[in-house]
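entry_25.cif (mmCIF, C-alpha atoms) appears below.
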data_structure
#
loop_
_atom_site.label_atom_id
_atom_site.label_comp_id
_atom_site.auth_asym_id
_atom_site.auth_seq_id
_atom_site.Cartn_x
_atom_site.Cartn_y
_atom_site.Cartn_z
CA MET A 1 89.45 -139.83 -212.73
CA GLU A 2 93.00 -139.72 -211.42
CA ILE A 3 93.61 -140.20 -207.70
CA LYS A 4 95.39 -136.83 -207.60
CA ASP A 5 92.10 -135.20 -208.66
CA LEU A 6 90.27 -136.42 -205.56
CA ALA A 7 90.91 -133.47 -203.25
CA GLY A 8 88.19 -133.28 -200.62
CA THR A 9 87.27 -136.97 -200.94
CA SER A 10 87.49 -139.04 -197.74
CA GLU A 11 90.23 -141.67 -197.46
CA PRO A 12 87.76 -144.62 -197.50
CA LEU A 13 86.16 -143.33 -200.72
CA LYS A 14 89.58 -142.77 -202.28
CA ARG A 15 90.44 -146.37 -201.48
CA LEU A 16 87.14 -147.50 -203.00
CA ILE A 17 87.95 -145.65 -206.23
CA GLU A 18 91.42 -147.22 -206.27
CA VAL A 19 89.90 -150.69 -205.83
CA MET A 20 87.32 -150.03 -208.54
CA ALA A 21 90.02 -148.82 -210.93
CA GLU A 22 92.06 -151.95 -210.26
CA GLY A 23 89.01 -154.15 -210.65
CA PHE A 24 87.55 -152.85 -213.91
CA GLY A 25 89.26 -149.63 -215.00
CA ALA A 26 88.98 -145.87 -214.46
CA VAL A 27 85.84 -144.59 -212.77
CA SER A 28 84.05 -141.32 -212.27
CA ARG A 29 83.20 -140.17 -208.75
CA PRO A 30 79.52 -139.38 -209.53
CA TYR A 31 78.86 -143.10 -210.00
CA LEU A 32 79.63 -143.58 -206.30
CA ILE A 33 76.46 -141.67 -205.46
CA LYS A 34 73.63 -144.17 -205.25
CA LYS A 35 70.96 -142.04 -206.89
CA ASN A 36 73.32 -141.36 -209.81
CA ALA A 37 74.09 -145.07 -210.15
CA GLU A 38 70.39 -145.89 -210.11
CA ALA A 39 69.72 -143.24 -212.76
CA LYS A 40 72.57 -144.62 -214.87
CA ALA A 41 71.21 -148.15 -214.48
CA TYR A 42 67.82 -146.98 -215.70
CA GLU A 43 69.45 -145.15 -218.64
CA ILE A 44 71.40 -148.25 -219.62
CA ARG A 45 68.33 -150.46 -219.42
CA VAL A 46 66.16 -148.12 -221.50
CA ILE A 47 68.86 -147.47 -224.10
CA SER A 48 69.78 -151.12 -224.49
CA GLU A 49 66.13 -152.07 -224.95
CA ALA A 50 65.62 -149.23 -227.41
CA MET A 51 68.73 -150.18 -229.38
CA ALA A 52 67.57 -153.78 -229.64
CA GLU A 53 64.17 -152.61 -230.88
CA SER A 54 65.69 -150.17 -233.38
CA ARG A 55 67.90 -152.82 -234.87
CA LYS A 56 64.89 -155.04 -235.30
CA LEU A 57 62.65 -152.36 -236.88
CA LEU A 58 64.97 -149.79 -238.47
CA GLY A 59 68.16 -151.64 -239.03
CA GLY A 60 70.60 -150.05 -236.62
CA ALA A 61 71.64 -147.62 -233.92
CA ASP A 62 74.78 -146.78 -232.01
CA TYR A 63 75.36 -145.46 -228.46
CA GLU A 64 78.51 -143.67 -227.36
CA ASP A 65 79.27 -141.23 -224.55
CA GLY A 66 75.63 -140.64 -223.68
CA LYS A 67 74.50 -140.12 -227.29
CA VAL A 68 72.33 -142.33 -229.49
CA LYS A 69 73.05 -142.25 -233.23
CA MET A 70 70.40 -143.57 -235.60
CA MET A 71 71.80 -144.94 -238.85
CA GLY A 72 70.55 -143.39 -242.10
CA SER A 73 68.73 -145.30 -244.81
CA SER A 74 71.94 -145.74 -246.77
CA GLU A 75 73.50 -147.29 -243.67
CA THR A 76 70.55 -149.52 -242.84
CA PRO A 77 71.48 -153.21 -243.02
CA SER A 78 69.19 -156.05 -243.93
CA PRO A 79 66.11 -156.30 -241.66
CA ILE A 80 67.16 -159.87 -240.91
CA LEU A 81 70.39 -159.70 -238.92
CA SER A 82 73.08 -162.25 -239.52
CA LEU A 83 74.21 -164.64 -236.77
CA PRO A 84 77.41 -162.63 -236.04
CA GLU A 85 75.36 -159.42 -235.81
CA ARG A 86 72.90 -161.01 -233.42
CA ALA A 87 75.80 -162.29 -231.34
CA ALA A 88 77.34 -158.78 -231.28
CA ASN A 89 74.01 -157.29 -230.14
CA ARG A 90 73.72 -159.83 -227.35
CA SER A 91 77.31 -159.21 -226.25
CA GLU A 92 76.77 -155.44 -226.16
CA TYR A 93 73.60 -155.78 -224.13
CA GLN A 94 75.28 -158.15 -221.64
CA GLU A 95 78.22 -155.78 -221.16
CA LEU A 96 75.82 -152.91 -220.43
CA ARG A 97 74.03 -155.03 -217.83
CA LYS A 98 77.33 -156.04 -216.22
CA GLN A 99 78.39 -152.41 -215.94
CA GLN A 100 75.01 -151.53 -214.45
CA ASN A 101 75.40 -154.28 -211.81
CA ILE A 102 78.94 -153.23 -210.86
CA GLU A 103 78.02 -149.57 -210.51
CA SER A 104 75.04 -150.42 -208.30
CA VAL A 105 77.22 -152.57 -206.02
CA CYS A 106 79.89 -149.85 -205.80
CA ALA A 107 77.29 -147.17 -205.06
CA ASN A 108 76.11 -149.29 -202.11
CA ALA A 109 79.73 -149.65 -200.95
CA ALA A 110 80.21 -145.87 -201.15
CA GLU A 111 77.09 -145.32 -199.08
CA GLU A 112 78.43 -147.75 -196.46
CA LEU A 113 81.80 -145.94 -196.36
CA ALA A 114 80.32 -142.44 -196.26
CA ASN A 115 80.56 -142.12 -192.49
CA LYS A 116 84.00 -143.74 -192.16
CA SER A 117 86.93 -141.44 -191.51
CA ASP A 118 90.00 -143.62 -191.94
CA ILE A 119 91.16 -146.99 -193.21
CA PRO A 120 94.25 -149.19 -192.72
CA GLU A 121 97.28 -148.89 -194.99
CA GLN A 122 96.75 -152.48 -196.11
CA LYS A 123 94.65 -152.86 -199.25
CA PRO A 124 92.51 -155.79 -200.41
CA GLU A 125 94.56 -158.40 -202.28
CA PRO A 126 94.56 -158.06 -206.10
CA GLU A 127 93.29 -161.64 -206.45
CA TRP A 128 90.39 -160.81 -204.10
CA ILE A 129 89.54 -157.65 -206.06
CA ASN A 130 89.53 -159.45 -209.40
CA HIS A 131 87.41 -162.30 -208.05
CA PHE A 132 84.98 -159.89 -206.41
CA PHE A 133 84.26 -157.93 -209.59
CA ASP A 134 84.03 -161.11 -211.67
CA ILE A 135 81.12 -162.06 -209.42
CA ALA A 136 79.63 -158.59 -208.84
CA GLU A 137 79.03 -157.99 -212.55
CA LYS A 138 76.52 -160.85 -212.52
CA ILE A 139 74.56 -159.74 -209.42
CA SER A 140 71.35 -158.14 -210.67
CA THR A 141 69.04 -158.53 -207.64
CA GLU A 142 68.83 -155.28 -205.67
CA ASP A 143 68.86 -156.96 -202.24
CA LEU A 144 71.95 -158.99 -203.09
CA GLN A 145 73.66 -155.93 -204.61
CA TYR A 146 73.24 -154.31 -201.19
CA TRP A 147 75.02 -157.27 -199.54
CA TRP A 148 77.85 -157.20 -202.08
CA GLY A 149 78.27 -153.46 -201.51
CA LYS A 150 78.60 -154.08 -197.77
CA ILE A 151 81.18 -156.81 -198.44
CA LEU A 152 83.28 -154.48 -200.60
CA ALA A 153 83.09 -151.75 -197.95
CA GLY A 154 83.96 -154.26 -195.22
CA GLU A 155 86.99 -155.56 -197.10
CA ILE A 156 88.22 -152.00 -197.67
CA THR A 157 87.74 -151.16 -193.99
CA LYS A 158 89.37 -154.39 -192.81
CA PRO A 159 91.14 -156.44 -195.51
CA GLY A 160 90.78 -160.18 -194.94
CA SER A 161 87.25 -159.92 -193.51
CA PHE A 162 85.72 -161.99 -196.31
CA SER A 163 87.48 -165.02 -197.77
CA LEU A 164 87.34 -166.10 -201.40
CA ARG A 165 85.36 -169.15 -200.27
CA THR A 166 82.77 -166.88 -198.65
CA LEU A 167 82.43 -164.94 -201.91
CA GLU A 168 81.76 -168.20 -203.74
CA ILE A 169 79.12 -169.26 -201.23
CA LEU A 170 77.37 -165.90 -201.38
CA LYS A 171 77.50 -165.98 -205.19
CA ASN A 172 75.40 -169.16 -205.18
CA LEU A 173 72.99 -167.98 -202.48
CA SER A 174 69.38 -167.51 -203.56
CA ARG A 175 67.33 -164.55 -202.44
CA GLN A 176 65.16 -166.84 -200.27
CA GLU A 177 68.22 -168.39 -198.62
CA ALA A 178 69.57 -164.91 -197.92
CA GLU A 179 66.26 -163.91 -196.31
CA ASN A 180 66.27 -167.08 -194.19
CA PHE A 181 69.83 -166.37 -193.05
CA VAL A 182 68.84 -162.84 -192.02
CA GLU A 183 65.93 -164.31 -190.04
CA LEU A 184 68.24 -166.81 -188.31
CA GLY A 185 70.67 -163.97 -187.58
CA LYS A 186 68.13 -162.60 -185.06
CA TYR A 187 69.08 -165.48 -182.76
CA VAL A 188 72.82 -165.90 -183.30
CA LEU A 189 75.26 -165.45 -180.41
CA SER A 190 79.02 -165.36 -180.73
CA ASP A 191 82.29 -165.22 -178.86
CA LYS A 192 85.75 -164.74 -180.30
CA ASN A 193 85.80 -168.33 -181.62
CA ILE A 194 82.38 -169.30 -182.97
CA ALA A 195 78.91 -168.04 -183.86
CA PHE A 196 75.97 -170.22 -182.86
CA TYR A 197 72.27 -170.46 -181.97
CA LEU A 198 70.65 -172.45 -179.16
CA ASP A 199 68.48 -175.50 -179.87
CA PRO A 200 65.83 -173.96 -182.17
CA LYS A 201 63.06 -176.28 -180.91
CA GLU A 202 63.17 -174.50 -177.56
CA TYR A 203 62.68 -170.93 -178.82
CA ILE A 204 63.25 -170.11 -182.51
CA PHE A 205 60.66 -172.52 -183.94
CA LYS A 206 58.08 -171.26 -181.43
CA LYS A 207 58.35 -167.68 -182.69
CA ASP A 208 56.25 -166.23 -185.53
CA ASN A 209 58.97 -166.29 -188.20
CA THR A 210 59.95 -168.11 -191.39
CA ILE A 211 62.58 -170.39 -189.86
CA GLY A 212 61.75 -174.09 -189.55
CA PHE A 213 63.57 -177.41 -189.97
CA SER A 214 63.53 -177.21 -193.78
CA GLU A 215 65.04 -173.69 -193.76
CA ILE A 216 67.79 -174.87 -191.39
CA LEU A 217 68.55 -177.75 -193.77
CA ASP A 218 68.64 -175.36 -196.74
CA LEU A 219 71.15 -173.12 -194.94
CA LYS A 220 73.29 -176.17 -194.20
CA ASP A 221 73.21 -177.13 -197.88
CA ALA A 222 74.13 -173.53 -198.77
CA GLY A 223 77.27 -173.77 -196.62
CA LEU A 224 76.23 -171.28 -193.92
CA ILE A 225 75.56 -173.72 -191.05
CA ASN A 226 77.79 -176.58 -189.89
CA ASP A 227 76.45 -179.89 -191.15
CA SER A 228 76.59 -181.51 -187.69
CA ASP A 229 73.24 -181.57 -185.90
CA PHE A 230 74.42 -179.95 -182.67
CA LEU A 231 77.74 -179.25 -181.00
CA GLY A 232 78.53 -178.50 -177.38
CA PHE A 233 79.29 -174.90 -176.38
CA PHE A 234 80.52 -174.41 -172.84
CA PHE A 235 82.08 -172.10 -170.30
CA GLU A 236 84.84 -173.82 -168.33
CA ALA A 237 84.44 -174.28 -164.59
CA SER A 238 85.50 -171.22 -162.61
CA THR A 239 87.61 -171.78 -159.51
CA SER A 240 88.40 -168.16 -158.64
CA GLY A 241 85.52 -166.21 -160.14
CA SER A 242 85.39 -164.72 -163.64
CA THR A 243 83.25 -162.93 -166.18
CA SER A 244 82.46 -164.58 -169.50
CA ASN A 245 80.62 -162.85 -172.33
CA LEU A 246 78.72 -163.40 -175.53
CA LEU A 247 77.94 -160.94 -178.30
CA TYR A 248 74.38 -160.60 -179.53
CA SER A 249 73.58 -158.05 -182.24
CA SER A 250 74.51 -154.64 -180.79
CA LEU A 251 74.61 -155.98 -177.21
CA ILE A 252 77.03 -157.88 -175.00
CA LEU A 253 75.84 -160.48 -172.48
CA LEU A 254 77.94 -160.68 -169.31
CA PHE A 255 78.04 -163.82 -167.17
CA GLU A 256 79.55 -162.83 -163.83
CA ARG A 257 80.55 -165.97 -161.93
CA GLU A 258 81.61 -166.50 -158.36
CA LYS A 259 84.38 -168.97 -157.48
CA ASP A 260 83.73 -172.69 -157.76
CA THR A 261 81.09 -172.27 -160.48
CA PRO A 262 80.73 -175.54 -162.45
CA LYS A 263 81.23 -176.01 -166.18
CA ILE A 264 78.26 -174.68 -168.16
CA GLU A 265 77.39 -176.45 -171.43
CA ASN A 266 74.60 -176.21 -173.98
CA GLN A 267 73.93 -177.91 -177.31
CA VAL A 268 74.09 -175.41 -180.16
CA GLY A 269 73.94 -175.14 -183.94
CA VAL A 270 77.15 -173.61 -185.28
CA LEU A 271 77.65 -171.31 -188.26
CA THR A 272 80.43 -172.11 -190.73
CA LYS A 273 83.28 -169.68 -191.33
CA ALA A 274 81.37 -168.27 -194.30
CA GLY A 275 78.23 -167.92 -192.20
CA THR A 276 80.20 -166.16 -189.46
CA GLU A 277 81.71 -163.74 -191.97
CA LEU A 278 78.34 -163.00 -193.59
CA LEU A 279 76.81 -162.42 -190.15
CA LYS A 280 78.73 -159.10 -190.16
CA LEU A 281 76.41 -157.88 -192.91
CA ILE A 282 73.27 -158.29 -190.82
CA SER A 283 71.88 -155.61 -188.55
CA VAL A 284 69.00 -156.89 -186.41
CA GLN A 285 66.89 -155.48 -183.62
CA PRO A 286 67.74 -157.41 -180.42
CA ASP A 287 64.97 -159.70 -179.18
CA MET A 288 64.86 -159.00 -175.43
CA GLU A 289 62.75 -162.12 -174.79
CA TYR A 290 65.50 -164.17 -176.44
CA ILE A 291 68.06 -162.56 -174.12
CA GLU A 292 65.99 -163.72 -171.14
CA PHE A 293 65.77 -167.22 -172.67
CA VAL A 294 69.58 -167.33 -173.13
CA ALA A 295 70.09 -166.13 -169.56
CA GLN A 296 67.81 -168.90 -168.27
CA LYS A 297 69.71 -171.53 -170.28
CA PHE A 298 73.12 -170.45 -168.94
CA LYS A 299 72.07 -169.53 -165.40
CA ARG A 300 73.81 -171.40 -162.59
CA GLU A 301 73.99 -170.89 -158.84
CA GLY A 302 76.57 -168.23 -158.00
CA MET A 303 76.13 -166.37 -161.29
CA LYS A 304 74.70 -162.98 -162.22
CA ILE A 305 73.82 -162.19 -165.83
CA ALA A 306 73.61 -158.73 -167.38
CA TRP A 307 73.42 -157.13 -170.82
CA ALA A 308 74.88 -153.83 -172.00
CA PRO A 309 74.90 -151.90 -175.29
CA ILE A 310 78.12 -151.90 -177.33
CA ILE A 311 79.05 -148.25 -177.84
CA ARG A 312 82.24 -148.68 -179.82
CA GLU A 313 84.25 -151.60 -181.18
CA ASP A 314 87.97 -151.28 -181.87
CA GLY A 315 89.31 -154.65 -182.93
CA GLU A 316 88.84 -156.94 -179.92
CA ASN A 317 88.38 -154.00 -177.53
CA LEU A 318 84.80 -153.04 -176.73
CA SER A 319 83.41 -149.94 -175.06
CA ILE A 320 80.07 -150.71 -173.43
CA GLY A 321 77.29 -148.73 -171.76
CA ASP A 322 75.53 -149.28 -168.46
CA LYS A 323 74.72 -152.85 -167.47
CA THR A 324 71.19 -154.12 -166.90
CA TYR A 325 70.96 -157.24 -164.75
CA ILE A 326 68.55 -160.00 -165.79
CA VAL A 327 66.43 -161.63 -163.10
CA THR A 328 65.98 -165.34 -163.74
CA GLU A 329 64.63 -168.24 -161.74
CA GLU A 330 67.22 -170.36 -160.01
CA PRO A 331 67.81 -173.58 -162.00
CA ALA A 332 66.40 -176.73 -160.48
#
Can you dump the structure from the file as structure tokens?
Amino acid sequence: MEIKDLAGTSEPLKRLIEVMAEGFGAVSRPYLIKKNAEAKAYEIRVISEAMAESRKLLGGADYEDGKVKMMGSSETPSPILSLPERAANRSEYQELRKQQNIESVCANAAEELANKSDIPEQKPEPEWINHFFDIAEKISTEDLQYWWGKILAGEITKPGSFSLRTLEILKNLSRQEAENFVELGKYVLSDKNIAFYLDPKEYIFKKDNTIGFSEILDLKDAGLINDSDFLGFFFEASTSGSTSNLLYSSLILLFEREKDTPKIENQVGVLTKAGTELLKLISVQPDMEYIEFVAQKFKREGMKIAWAPIIREDGENLSIGDKTYIVTEEPA
């Protein structure tokens, strides 16, 4: 499909098709529809299995442009395939699987971009595109294909969102590690500099979830959590009054401080750059009890704490809804 033939296609989807064409060649728009990609994946799987079986029992078959051609008796080779023939069969099957994986990832990206209206003029770097598709062709787990689709959509929407190092870390992430990271994401706070979670012994480990010390260690080994045990996160002392904030899922926490409020510090576990970038892929339901726990940990005399929903995010500018103040006990 030529780009000039894409009349009526949204700009984000046009950019996706351009990126796909640069990554692995010309594409057809129907493969951007998830149900079509899933149907194609099923077709490829069935055909490749059938072709392998036919070569074993009948001697040969060919597949081209949606058609299967059975070879006649005069064309039938020896029932015992030679080593080069077996290697060719394996190569053909692997290429079909790679194409299936790529189309599934791209269908997820298209679904993510469906509600976007515009994109920046800047495009993902060619090196990033090539590296992405080199990895994506090997991703066969449905859950991880969903993540890779979100990454592709995120890079198209905002080039530079995901580094090459982050792609490498995600490539080596197991399904269990990904599930543990999603679970940890329910308790991650962030400001413009870092993403972190409070001492897990005080709240996270007490909840009915799958996160424990061993899972934290696994996520450190995977490169998603800083290897240091705990680091200090703090708000500087306020001499004239100020408002500090933290982001939590779809909410913002506001710490409204009067003048002469002391420095506020807590020990936290910190996500790596890769972990912070992958956090963008996670959508979690806010835990309101956790918000109250965070408020209690940061509460100081002369401070009011509130939360508000984030309505719209435009770069570093946030539009928020009505504030709800949190009532906490005064610290001892």
Problem set entry | Ser161 (chain A) environment, 7 Å, only C-alpha atoms, sequence neighbours closer than 5 positions dropped, as a PyMOL selection string | chain A and resi 154-155+277
Let me know the centre plus edge lengths, in Å and rounded to one decimal, of a box with edges along x, y and z that contains all listed atoms of region 288-301 of chain A and is padded by 8 Å on every side, as lines of an AutoDock Vina configuration file.
center_x = 68.4
center_y = -165.3
center_z = -167.6
size_x = 27.2
size_y = 28.5
size_z = 33.6
For this session: Please write the residues picked by the PyMOL selection byres ((chain A and resi 274) around 9) on this file as a VMD selection string.
Result: chain A and resid 162 to 163 165 to 167 169 to 170 223 to 225 271 to 273 275 to 279
Report the closest atom pair, with its distance in Å rounded to one decimal, for each residue of region 163-216 of chain A that has an atom no farther than 10 Å from region 294-309 of chain A; count only C-alpha atoms, sort by chain and then rising residue number, and write it as a Markdown table.
| residue | atom | partner | partner_atom | distance |
| --- | --- | --- | --- | --- |
| A:Tyr187 | CA | A:Val294 | CA | 9.8 |
| A:Leu189 | CA | A:Val294 | CA | 9.4 |
| A:Tyr197 | CA | A:Val294 | CA | 9.8 |
| A:Leu198 | CA | A:Val294 | CA | 8.0 |
| A:Tyr203 | CA | A:Val294 | CA | 9.6 |
Exercise. Which one is closest to Val19 (chain A): A:Asn115, A:Asn101, A:Asn130, A:Asn193? Count all atoms listed in the file.
Worked result: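 Answer, going by the shortest atom-to-atom distance: A:Asn130.
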Exercise. For Val327 (chain A), which of A:Phe293, A:Phe235, A:Tyr248, A:Tyr93 is the closest residue, counting only C-alpha atoms?
Worked result: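 When distances to Val327 (chain A) are compared using only C-alpha atoms, the smallest one comes from A:Phe293.
Put simply, CA of Pro200 (chain A) is 11.7 Å away from CA of Val270 (chain A).
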